[in-house]
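Colleague: For reference, this is work_8.txt, and it has compact mmCIF, C-alpha atoms.
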# COMPACT_ATOMS: atom_id res chain seq x y z
CA MET Z 1 60.38 37.04 -45.80
CA LYS Z 2 58.57 33.72 -45.49
CA LYS Z 3 60.19 33.11 -42.12
CA GLU Z 4 58.91 36.44 -40.79
CA ILE Z 5 55.37 35.73 -41.97
CA LEU Z 6 55.47 32.27 -40.31
CA LYS Z 7 56.74 33.81 -37.06
CA LYS Z 8 53.83 36.30 -37.04
CA ILE Z 9 51.27 33.49 -37.62
CA LEU Z 10 52.72 31.41 -34.81
CA SER Z 11 52.77 34.43 -32.54
CA CYS Z 12 49.07 35.12 -33.24
CA CYS Z 13 48.12 31.49 -32.58
CA ALA Z 14 50.03 31.49 -29.33
CA ALA Z 15 48.30 34.69 -28.26
CA VAL Z 16 44.87 33.29 -29.06
CA LEU Z 17 45.59 30.09 -27.12
CA ALA Z 18 46.87 32.07 -24.17
CA ILE Z 19 43.77 34.24 -24.08
CA ALA Z 20 41.50 31.15 -24.34
CA PHE Z 21 43.38 29.46 -21.50
CA VAL Z 22 43.00 32.50 -19.28
CA LEU Z 23 39.28 32.74 -20.05
CA ILE Z 24 38.72 29.04 -19.29
CA ILE Z 25 40.58 29.30 -16.01
CA ALA Z 26 38.63 32.41 -15.08
CA GLY Z 27 35.33 30.78 -15.98
CA GLY Z 28 34.51 33.57 -18.35
CA CYS Z 29 33.95 31.34 -21.39
CA ASP Z 30 32.34 27.93 -21.90
CA ILE Z 31 33.58 25.70 -24.65
CA VAL Z 32 30.10 23.96 -24.84
CA GLN Z 33 27.27 26.40 -24.37
CA ALA Z 34 24.80 25.34 -21.56
CA ALA Z 35 21.08 24.92 -22.28
CA ASP Z 36 18.85 27.85 -21.50
CA PRO Z 37 17.09 27.41 -18.13
CA LYS Z 38 13.28 27.08 -18.16
CA PRO Z 39 10.61 27.54 -15.49
CA VAL Z 40 10.55 24.76 -12.93
CA SER Z 41 7.73 22.21 -13.35
CA ILE Z 42 5.73 19.90 -11.10
CA GLY Z 43 5.72 16.10 -11.42
CA LYS Z 44 4.29 13.36 -9.23
CA ILE Z 45 2.52 14.26 -5.98
CA ASP Z 46 2.30 11.24 -3.65
CA TYR Z 47 -0.02 11.56 -0.65
CA ASP Z 48 1.01 8.21 0.81
CA GLU Z 49 4.63 9.30 0.95
CA LEU Z 50 3.71 13.02 1.24
CA THR Z 51 6.24 14.09 -1.34
CA ILE Z 52 6.21 16.30 -4.46
CA GLN Z 53 8.58 16.19 -7.44
CA VAL Z 54 9.85 19.62 -8.61
CA TYR Z 55 11.84 19.48 -11.87
CA LYS Z 56 14.76 21.95 -11.90
CA ASN Z 57 14.83 22.39 -15.70
CA ASP Z 58 18.47 23.57 -15.62
CA ASN Z 59 18.00 25.87 -12.64
CA ALA Z 60 20.62 25.32 -9.97
CA ILE Z 61 18.31 26.25 -7.08
CA VAL Z 62 14.55 25.93 -6.58
CA TYR Z 63 12.60 28.25 -4.29
CA PHE Z 64 9.07 27.94 -2.91
CA SER Z 65 6.57 30.27 -1.26
CA THR Z 66 3.39 29.57 0.72
CA ASN Z 67 2.35 33.17 1.39
CA GLY Z 68 1.52 34.45 -2.07
CA ARG Z 69 5.16 34.99 -3.20
CA LYS Z 70 5.92 37.48 -0.44
CA ASN Z 71 8.74 35.37 0.90
CA TRP Z 72 10.78 32.65 -0.76
CA LEU Z 73 12.59 29.71 0.81
CA GLU Z 74 15.00 27.31 -0.82
CA ALA Z 75 13.39 23.96 -1.55
CA ASP Z 76 15.19 21.10 0.11
CA GLY Z 77 15.04 17.38 -0.63
CA GLU Z 78 16.74 14.45 -2.29
CA ILE Z 79 17.99 15.14 -5.81
CA LYS Z 80 16.89 12.44 -8.27
CA THR Z 81 16.85 11.97 -12.02
CA ASP Z 82 14.45 10.24 -14.38
CA SER Z 83 13.76 10.33 -18.12
CA THR Z 84 12.31 13.84 -17.79
CA GLY Z 85 15.31 15.29 -16.01
CA SER Z 86 16.67 16.21 -12.62
CA TYR Z 87 14.17 16.93 -9.82
CA ILE Z 88 13.94 17.60 -6.11
CA GLU Z 89 11.78 15.15 -4.14
CA MET Z 90 10.44 17.57 -1.56
CA ASP Z 91 8.67 16.60 1.66
CA ILE Z 92 5.15 18.11 2.05
CA SER Z 93 4.12 16.44 5.32
CA TRP Z 94 4.07 19.90 6.89
CA VAL Z 95 1.22 21.06 4.62
CA ASP Z 96 -2.00 21.61 6.60
CA PRO Z 97 -4.46 18.82 5.62
CA LYS Z 98 -7.50 20.78 6.80
CA SER Z 99 -7.55 23.23 3.87
CA ASP Z 100 -6.34 23.68 0.28
CA VAL Z 101 -2.80 25.07 0.25
CA LYS Z 102 -1.30 26.84 -2.79
CA ILE Z 103 2.48 26.57 -3.12
CA TYR Z 104 4.54 28.65 -5.61
CA PHE Z 105 7.85 27.44 -7.06
CA LYS Z 106 10.53 29.20 -9.13
CA GLY Z 107 14.12 28.71 -10.20
CA ASN Z 108 17.17 30.85 -9.52
CA LYS Z 109 17.79 31.39 -13.24
CA ASP Z 110 14.28 31.37 -14.68
CA GLU Z 111 12.21 33.05 -11.99
CA THR Z 112 8.83 32.39 -13.62
CA ALA Z 113 6.58 31.30 -10.76
CA VAL Z 114 4.62 28.03 -11.06
CA ASP Z 115 1.89 27.20 -8.57
CA VAL Z 116 0.22 23.97 -7.45
CA THR Z 117 -2.68 23.56 -4.99
CA ILE Z 118 -2.33 20.73 -2.49
CA PRO Z 119 -5.95 19.68 -1.75
CA LYS Z 120 -7.31 19.31 1.74
CA MET Z 121 -8.10 15.89 3.15
CA ILE Z 122 -11.58 14.46 2.47
CA ASN Z 123 -13.04 14.74 5.96
CA GLU Z 124 -16.68 13.89 5.25
CA PHE Z 125 -16.16 10.17 4.48
CA ARG Z 126 -18.76 8.03 6.28
CA VAL Z 127 -19.33 4.25 6.42
CA LYS Z 128 -22.27 2.36 7.93
CA PHE Z 129 -22.86 -1.39 8.19
CA ASP Z 130 -26.36 -2.52 7.21
CA LYS Z 131 -27.18 -5.53 9.42
CA VAL Z 132 -30.20 -6.56 7.37
CA ALA Z 133 -28.64 -6.34 3.90
CA VAL Z 134 -25.22 -7.44 5.22
CA ASP Z 135 -23.67 -4.63 3.19
CA PHE Z 136 -22.06 -1.24 3.69
CA GLU Z 137 -23.33 2.26 2.98
CA PHE Z 138 -20.69 4.83 1.91
CA ASP Z 139 -21.04 8.59 1.80
CA GLY Z 140 -18.87 11.68 1.40
CA TYR Z 141 -16.13 10.13 -0.75
CA GLY Z 142 -16.34 12.69 -3.57
CA SER Z 143 -14.85 11.53 -6.85
CA CYS Z 144 -12.76 8.80 -5.24
CA LYS Z 145 -13.12 5.44 -7.01
CA LYS Z 146 -11.64 3.15 -4.35
CA PHE Z 147 -11.42 2.73 -0.60
CA MET Z 148 -9.02 0.84 1.66
CA TRP Z 149 -9.98 -1.30 4.62
CA ARG Z 150 -8.28 -3.31 7.33
CA LYS Z 151 -9.06 -4.92 10.65
CA THR Z 152 -8.10 -2.90 13.71
CA SER Z 153 -5.97 -5.85 14.77
CA ASP Z 154 -3.59 -5.62 11.80
CA TYR Z 155 -2.06 -3.08 9.41
CA ASN Z 156 -2.65 -4.76 6.07
CA TRP Z 157 -4.73 -2.47 3.89
CA THR Z 158 -6.77 -3.87 1.00
CA GLU Z 159 -8.02 -1.70 -1.87
CA VAL Z 160 -11.62 -2.14 -3.05
CA GLU Z 161 -13.68 -0.37 -5.71
CA PHE Z 162 -16.77 1.54 -4.59
CA ASP Z 163 -18.62 -0.04 -7.52
CA LYS Z 164 -20.66 -2.80 -5.83
CA SER Z 165 -20.86 -4.82 -9.05
CA SER Z 166 -17.06 -5.06 -9.26
CA ALA Z 167 -15.15 -8.27 -8.50
CA SER Z 168 -13.14 -6.55 -5.76
CA TYR Z 169 -16.28 -5.43 -3.91
CA LYS Z 170 -17.86 -8.90 -4.13
CA ALA Z 171 -14.66 -10.43 -2.78
CA PHE Z 172 -14.69 -7.84 0.01
CA LEU Z 173 -18.24 -8.82 1.08
CA LYS Z 174 -17.33 -12.50 1.00
CA ASN Z 175 -14.40 -11.75 3.31
CA ILE Z 176 -16.67 -9.81 5.67
CA GLU Z 177 -19.13 -12.72 5.74
CA ASN Z 178 -16.34 -14.93 7.08
CA LEU Z 179 -15.44 -12.33 9.73
CA ARG Z 180 -19.04 -12.02 10.94
CA PHE Z 181 -18.81 -15.40 12.68
CA LYS Z 182 -17.00 -13.79 15.62
CA GLY Z 183 -17.60 -10.16 14.75
CA CYS Z 184 -14.87 -7.62 13.99
CA LYS Z 185 -13.86 -3.97 14.04
CA LEU Z 186 -12.79 -2.42 10.75
CA ILE Z 187 -11.13 0.78 9.57
CA PHE Z 188 -11.99 2.40 6.23
CA CYS Z 189 -10.26 5.16 4.28
CA CYS Z 190 -10.58 6.62 0.77
CA ILE Z 191 -7.38 5.95 -1.17
CA GLN Z 192 -5.26 8.73 -2.59
CA THR Z 193 -5.29 9.81 -6.21
CA ILE Z 194 -1.65 10.45 -7.13
CA GLY Z 195 -1.12 13.88 -8.65
CA THR Z 196 0.58 14.11 -12.05
CA GLY Z 197 1.38 17.81 -12.13
CA ALA Z 198 0.20 21.34 -11.35
CA ALA Z 199 -2.92 20.89 -13.51
CA ASP Z 200 -3.81 17.56 -11.88
CA PRO Z 201 -2.74 17.57 -8.23
CA GLY Z 202 -4.77 14.43 -7.32
CA GLU Z 203 -6.52 13.87 -3.98
CA ARG Z 204 -5.37 13.17 -0.46
CA LEU Z 205 -6.37 10.11 1.56
CA SER Z 206 -9.59 10.70 3.49
CA ASN Z 207 -10.24 10.58 7.20
CA GLU Z 208 -10.29 7.08 8.72
CA VAL Z 209 -13.64 5.62 9.77
CA LYS Z 210 -14.09 2.84 12.32
CA VAL Z 211 -17.00 0.41 11.85
CA THR Z 212 -18.11 -2.48 14.07
CA VAL Z 213 -19.48 -5.61 12.42
CA PRO Z 214 -21.36 -7.39 15.23
CA LYS Z 215 -20.89 -11.03 16.14
CA GLN Z 216 -23.54 -13.35 14.82
CA ALA Z 217 -25.94 -14.90 17.32
CA GLU Z 218 -26.06 -18.68 17.61
CA ALA Z 219 -28.08 -20.56 15.01
CA PRO Z 220 -31.56 -21.95 15.70
CA LEU Z 221 -31.86 -25.48 17.12
CA ILE Z 222 -33.54 -27.69 14.55
CA GLN Z 223 -35.98 -30.46 15.42
CA PHE Z 224 -37.77 -32.60 12.87
CA ASP Z 225 -41.20 -34.17 13.22
CA MET Z 226 -40.98 -37.37 11.20
CA LYS Z 227 -44.71 -38.09 11.30
CA LYS Z 228 -45.70 -34.63 10.05
CA ARG Z 229 -42.51 -34.27 7.97
CA ALA Z 230 -42.16 -30.80 9.43
CA VAL Z 231 -39.41 -28.61 10.93
CA ASN Z 232 -39.92 -26.68 14.17
CA THR Z 233 -39.59 -23.34 12.38
CA LYS Z 234 -40.60 -20.09 14.06
CA GLU Z 235 -41.78 -16.80 12.60
CA SER Z 236 -38.47 -15.28 13.73
CA TRP Z 237 -36.60 -17.66 11.41
CA GLU Z 238 -35.84 -17.56 7.73
CA TYR Z 239 -34.62 -20.21 5.32
CA TYR Z 240 -32.52 -19.98 2.18
CA ASP Z 241 -34.48 -20.70 -0.96
CA ALA Z 242 -31.92 -21.86 -3.52
CA LYS Z 243 -34.39 -21.52 -6.39
CA GLN Z 244 -34.99 -17.84 -5.63
CA GLY Z 245 -31.43 -17.29 -4.47
CA LYS Z 246 -32.47 -15.44 -1.33
CA TRP Z 247 -33.53 -15.80 2.30
CA VAL Z 248 -37.29 -16.24 2.82
CA SER Z 249 -39.28 -15.71 6.02
CA CYS Z 250 -40.50 -18.85 7.77
CA SER Z 251 -43.96 -19.61 9.06
CA LYS Z 252 -44.52 -21.80 12.09
CA ASN Z 253 -43.71 -25.53 11.79
CA MET Z 254 -43.10 -25.65 8.04
CA ASP Z 255 -43.25 -29.03 6.29
CA LEU Z 256 -40.95 -30.39 3.61
CA ASP Z 257 -43.72 -30.21 1.02
CA THR Z 258 -43.30 -26.42 1.23
CA LEU Z 259 -39.59 -26.16 2.00
CA ALA Z 260 -38.23 -28.71 -0.49
CA PRO Z 261 -40.84 -30.66 -2.49
CA GLU Z 262 -38.10 -32.08 -4.71
CA VAL Z 263 -36.96 -34.31 -1.82
CA PHE Z 264 -39.94 -36.63 -2.39
CA SER Z 265 -39.97 -39.62 -4.72
CA THR Z 266 -42.04 -39.20 -7.87
CA GLY Z 267 -42.59 -41.35 -10.92
CA GLY Z 268 -40.83 -44.32 -9.37
CA LYS Z 269 -37.60 -42.35 -8.96
CA LYS Z 270 -35.71 -41.51 -5.77
CA GLY Z 271 -36.12 -37.95 -4.51
CA THR Z 272 -33.35 -35.31 -4.61
CA ASP Z 273 -31.03 -34.83 -1.62
CA VAL Z 274 -31.52 -31.38 -0.11
CA LYS Z 275 -29.72 -29.09 2.32
CA ILE Z 276 -31.83 -26.37 3.88
CA LYS Z 277 -30.21 -23.50 5.78
CA PHE Z 278 -32.05 -21.77 8.64
CA ARG Z 279 -31.20 -18.71 10.72
CA PHE Z 280 -32.77 -16.01 12.88
CA PHE Z 281 -33.46 -13.04 10.60
CA ALA Z 282 -31.83 -9.66 11.10
CA THR Z 283 -33.50 -6.65 12.70
CA ASP Z 284 -32.53 -2.99 12.90
CA LYS Z 285 -30.81 -3.72 16.20
CA LYS Z 286 -29.12 -7.04 15.50
CA ALA Z 287 -27.60 -8.92 12.59
CA ALA Z 288 -28.84 -12.24 11.27
CA SER Z 289 -27.68 -15.22 13.29
CA LYS Z 290 -25.33 -17.96 12.23
CA SER Z 291 -27.06 -20.50 10.01
CA THR Z 292 -27.64 -24.18 10.62
CA VAL Z 293 -28.21 -26.79 7.93
CA LEU Z 294 -30.80 -29.52 7.79
CA TYR Z 295 -29.66 -32.31 5.47
CA VAL Z 296 -32.40 -34.58 4.13
CA PRO Z 297 -31.52 -37.42 1.73
CA GLY Z 298 -33.98 -37.90 -1.12
CA GLN Z 299 -36.97 -40.09 -0.31
CA ASN Z 300 -36.56 -43.69 -1.39
CA THR Z 301 -38.96 -45.39 -3.76
CA ALA Z 302 -41.78 -47.57 -2.41
CA PRO Z 303 -41.33 -51.23 -1.41
CA VAL Z 304 -41.87 -53.66 -4.23
CA ILE Z 305 -44.98 -55.80 -3.81
CA GLY Z 306 -44.85 -59.24 -5.37
CA GLU Z 307 -43.59 -62.78 -5.12
CA SER Z 308 -39.91 -61.76 -5.23
CA GLY Z 309 -40.40 -58.26 -3.82
CA ASP Z 310 -40.17 -56.61 -0.41
CA VAL Z 311 -43.75 -57.50 0.59
CA THR Z 312 -45.82 -60.51 -0.51
CA PHE Z 313 -49.56 -61.15 -0.24
CA ALA Z 314 -51.12 -64.61 -0.51
CA PHE Z 315 -54.44 -66.20 0.46
CA ASP Z 316 -54.34 -69.31 2.60
CA LYS Z 317 -57.79 -70.80 3.18
CA LYS Z 318 -59.75 -68.04 4.89
CA LYS Z 319 -56.77 -65.90 5.73
CA LEU Z 320 -54.70 -63.29 3.90
CA LYS Z 321 -51.05 -63.95 4.63
CA VAL Z 322 -48.54 -61.08 4.39
CA THR Z 323 -44.76 -61.53 4.59
CA PHE Z 324 -42.00 -58.90 4.58
CA PRO Z 325 -38.79 -60.22 2.91
CA GLY Z 326 -37.45 -56.66 2.61
CA ALA Z 327 -37.79 -55.78 6.30
CA SER Z 328 -34.84 -55.54 8.71
CA SER Z 329 -34.03 -54.05 12.09
CA ASP Z 330 -32.08 -51.25 10.35
CA ILE Z 331 -34.81 -50.42 7.84
CA PRO Z 332 -38.17 -51.73 9.03
CA ILE Z 333 -41.30 -51.82 6.89
CA GLU Z 334 -44.48 -50.13 8.06
CA TYR Z 335 -48.04 -51.00 7.07
CA CYS Z 336 -51.57 -49.75 7.65
CA VAL Z 337 -55.01 -50.98 6.56
CA VAL Z 338 -57.46 -48.51 5.05
CA LYS Z 339 -60.93 -49.95 4.62
CA LYS Z 340 -63.03 -49.23 1.60
CA GLY Z 341 -64.73 -45.85 1.72
CA TYR Z 342 -62.04 -44.25 3.89
CA ALA Z 343 -59.44 -41.78 2.61
CA PHE Z 344 -55.75 -42.44 3.06
CA ASP Z 345 -53.62 -39.72 4.68
CA GLU Z 346 -50.01 -40.72 5.08
CA LYS Z 347 -49.40 -38.17 7.84
CA THR Z 348 -52.33 -39.17 10.04
CA ALA Z 349 -52.44 -42.91 9.31
CA VAL Z 350 -51.67 -45.33 12.14
CA TRP Z 351 -48.60 -47.25 11.02
CA LYS Z 352 -47.44 -50.57 12.44
CA THR Z 353 -43.83 -51.69 12.17
CA VAL Z 354 -42.26 -54.95 11.04
CA LYS Z 355 -38.53 -55.37 11.75
CA SER Z 356 -37.89 -58.92 10.54
CA SER Z 357 -37.99 -60.58 7.16
CA LYS Z 358 -39.28 -63.71 8.90
CA LYS Z 359 -42.36 -61.93 10.19
CA ALA Z 360 -45.69 -63.07 8.77
CA LEU Z 361 -49.10 -61.53 9.38
CA THR Z 362 -52.55 -62.90 8.70
CA PHE Z 363 -55.75 -60.97 8.12
CA SER Z 364 -59.29 -62.22 8.22
CA ALA Z 365 -62.06 -60.94 6.02
CA SER Z 366 -63.20 -58.75 8.88
CA GLY Z 367 -59.71 -57.37 9.50
CA ALA Z 368 -59.14 -56.57 5.82
CA PRO Z 369 -62.55 -56.51 4.12
CA GLU Z 370 -63.04 -56.67 0.36
CA GLY Z 371 -61.84 -53.47 -1.30
CA SER Z 372 -59.53 -52.54 1.57
CA LYS Z 373 -56.10 -51.21 0.72
CA ILE Z 374 -53.02 -52.26 2.69
CA TYR Z 375 -50.37 -49.54 2.38
CA VAL Z 376 -46.68 -50.34 2.94
CA ARG Z 377 -43.53 -48.22 3.12
CA PHE Z 378 -39.99 -48.39 4.45
CA ALA Z 379 -39.85 -46.70 7.85
CA GLY Z 380 -38.01 -43.43 8.33
CA ALA Z 381 -35.43 -42.48 10.96
CA ASN Z 382 -35.28 -39.19 12.82
CA MET Z 383 -32.20 -37.18 13.86
CA SER Z 384 -30.35 -38.55 16.85
CA LYS Z 385 -27.12 -37.08 18.17
CA VAL Z 386 -26.82 -40.02 20.56
CA LYS Z 387 -27.09 -42.65 17.83
CA GLY Z 388 -25.32 -40.52 15.27
CA THR Z 389 -28.08 -40.73 12.68
CA ASP Z 390 -29.47 -38.15 10.31
CA ILE Z 391 -32.96 -37.93 8.90
CA ARG Z 392 -34.16 -40.72 6.68
CA LEU Z 393 -37.62 -40.08 5.37
CA ALA Z 394 -40.13 -42.88 5.24
CA SER Z 395 -40.19 -44.10 1.67
CA ALA Z 396 -42.92 -43.58 -0.87
CA CYS Z 397 -45.96 -45.80 -0.33
CA ALA Z 398 -47.26 -48.77 -2.27
CA TYR Z 399 -50.55 -50.52 -1.64
CA TYR Z 400 -52.26 -53.84 -2.18
CA GLU Z 401 -56.01 -53.83 -2.80
CA VAL Z 402 -57.70 -56.77 -1.11
CA LYS Z 403 -59.82 -59.01 -3.34
CA TRP Z 404 -60.91 -62.14 -1.57
CA PRO Z 405 -61.11 -65.23 -3.77
CA ASP Z 406 -64.55 -66.65 -4.58
CA LYS Z 407 -65.79 -69.22 -2.11
CA THR Z 408 -65.64 -72.75 -3.42
Take the structure in the file and write it out as structure tokens.
Modeller:
Amino acid sequence: MKKEILKKILSCCAAVLAIAFVLIIAGGCDIVQAADPKPVSIGKIDYDELTIQVYKNDNAIVYFSTNGRKNWLEADGEIKTDSTGSYIEMDISWVDPKSDVKIYFKGNKDETAVDVTIPKMINEFRVKFDKVAVDFEFDGYGSCKKFMWRKTSDYNWTEVEFDKSSASYKAFLKNIENLRFKGCKLIFCCIQTIGTGAADPGERLSNEVKVTVPKQAEAPLIQFDMKKRAVNTKESWEYYDAKQGKWVSCSKNMDLDTLAPEVFSTGGKKGTDVKIKFRFFATDKKAASKSTVLYVPGQNTAPVIGESGDVTFAFDKKKLKVTFPGASSDIPIEYCVVKKGYAFDEKTAVWKTVKSSKKALTFSASGAPEGSKIYVRFAGANMSKVKGTDIRLASACAYYEVKWPDKT
């Protein structure tokens, strides 16, 4: 009895296994049940690469339609996988950039249609170079936050923020300033905004805009008038005022008292070295010229008057004897006599030069009357390309007031 029951159980098991084997072979039964398919979904939309990611979501085939779901075509592209799942990277370079294009997608198992609108290219982007401000004017870039630029002579794009207070924009202008020396031709384009899905399809790159940055004209030729301490400025020039941090219009023949008063010696201290930049200012038709720099070392202090100084005064009988121990051929000493009752003007005074420390002068009472003042200073040197010298201002002045000794 037990043997018969065991035979029946074994027969049933064998029958079940046989049926299962047949079903597996026939594909009519899965041992592990597959996940339910879902509607396809949209991932990254890249307008540089012109591709769109369409997640299959367990559909075997993905279809797309561009005519309002009247006709469907099978989506083609490279099959890739990421943490979200398997997707088709589909080429969209064929999509017309001149208008918004709505594309529908669906799967072969879940046929729920999903749509995404590929935006048209920004075609109103405009760029203009302002020659006066040495800056750019941008228009028609919509909600785009950045632009790209490159020279027409290369293909290296650089991204810059439209925000003119940003570090990238300031660096961009500095780069342009270097290019202005010879002039250049540039190409601008609004960058893409990568789409993240059907609800946020991003933005295409804009149209490209070509802009010419003109070559700078040659800088003004500087000449310095040592006697008047003035530069040959013209009303078409401007100079850079470091204190104000901006370029300032020039008047004709400006002197250093106006341009850089700090260069002069005050309070017995040497003046401050200065560098003054000059250029032709910009107009609506032309950019500002290249700049040229006038370098002026700070004015030296006055010669020392006294027994062990640069200039000595002594009375010998009826003569006033003047010697110049501090004078040399490289740095002569100048002097002038201003009689009592006359004003001293350093710029209009008639200066005489002494180039040797061995030189001695004598003055009579008529040549240097009582109360006269004898002014002395170290001579200046003007610019000379031939001699290779720069400006050296005449030093500050010192004076000796003549007081003749009582007659004995």
Colleague: Give me, as CSV, the closest atom pair and its distance (Å, one decimal) for every residue of stretch 97-167 of chain Z within a cut-off of 12 Å of stretch 278-288 of chain Z, counting only C-alpha atoms, rows sorted by chain and rising number.
Modeller:
residue,atom,partner,partner_atom,distance
Z:Phe129,CA,Z:Ala287,CA,9.9
Z:Asp130,CA,Z:Asp284,CA,8.4
Z:Lys131,CA,Z:Ala287,CA,4.7
Z:Val132,CA,Z:Ala282,CA,5.1
Z:Ala133,CA,Z:Ala282,CA,8.5
Z:Val134,CA,Z:Ala287,CA,7.9
Z:Asp135,CA,Z:Ala287,CA,11.1
Colleague: For Z:Tyr295, work out the shell of residues within 9 Å, counting all atoms listed in the file and skipping chain neighbours fewer than 3 positions away, then give it as a compact mmCIF listing (two decimals) with C-alpha atoms, keeping the file's coordinate frame.
Modeller:
# COMPACT_ATOMS: atom_id res chain seq x y z
CA ASP Z 273 -31.03 -34.83 -1.62
CA VAL Z 274 -31.52 -31.38 -0.11
CA LYS Z 275 -29.72 -29.09 2.32
CA ILE Z 276 -31.83 -26.37 3.88
CA LYS Z 277 -30.21 -23.50 5.78
CA ASP Z 390 -29.47 -38.15 10.31
CA ILE Z 391 -32.96 -37.93 8.90
Colleague: Could you check which of Z:Leu259, Z:Val116, Z:Ile333, Z:Ala314 is closest to Z:Trp404, using only C-alpha atoms?
Modeller: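 Counting only C-alpha atoms, the residue closest to Z:Trp404 is Z:Ala314.
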Colleague: Step by step: start from the point (-2.8, 13.3, 2.7) in the file's coordinates, keep every protein, DNA or RNA residue that has an atom no farther than 10 Å from it, count only C-alpha atoms, and write the set as an MDAnalysis selection string.
Modeller: chainID Z and resid 46:51 92:93 95:98 118:122 191:193 203:207
Colleague: Need the neighbours of (3.7, 15.8, -12.7): which residues are at most 9 Å away, counting only C-alpha atoms, as a PyMOL selection string?
Modeller: chain Z and resi 41-45+52-55+195-201
Colleague: For Z:Gly85, work out the shell of residues within 9 Å, counting only C-alpha atoms and skipping chain neighbours fewer than 5 positions away, then give it as a ChimeraX atom specification.
Modeller: /Z:55-58,80
Colleague: Grab the atom CA of Z:Lys38 to atom CA of Z:Thr112 distance for me, in Å with one decimal place.
Modeller: 8.3 Å
Colleague: Do you know which residues are at most 9 Å from Z:Leu221 counting all atoms listed in the file, after dropping those on the same chain fewer than 2 positions away, and could you put them as a ChimeraX atom specification?
Modeller: /Z:218-219,223,232,292
Colleague: When you count only C-alpha atoms, which of these residues is closest to Z:Ala217: Z:Ser236, Z:Asn175, Z:Ser291, Z:Ser251?
Modeller: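 Between Z:Ser236, Z:Asn175, Z:Ser291, Z:Ser251, the residue approaching Z:Ala217 most closely is Z:Ser291.
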Colleague: With distances taken over only C-alpha atoms, which residue among Z:Arg180, Z:Arg126, Z:Lys321, Z:Asn253 lies nearest Z:Val211?
Modeller: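 Among the listed residues, the smallest separation from Z:Val211 belongs to Z:Arg126.
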Colleague: Which one is closest to Z:Thr66: Z:Lys102, Z:Lys174, Z:Lys358, Z:Lys317? Count only C-alpha atoms.
Modeller: Z:Lys102
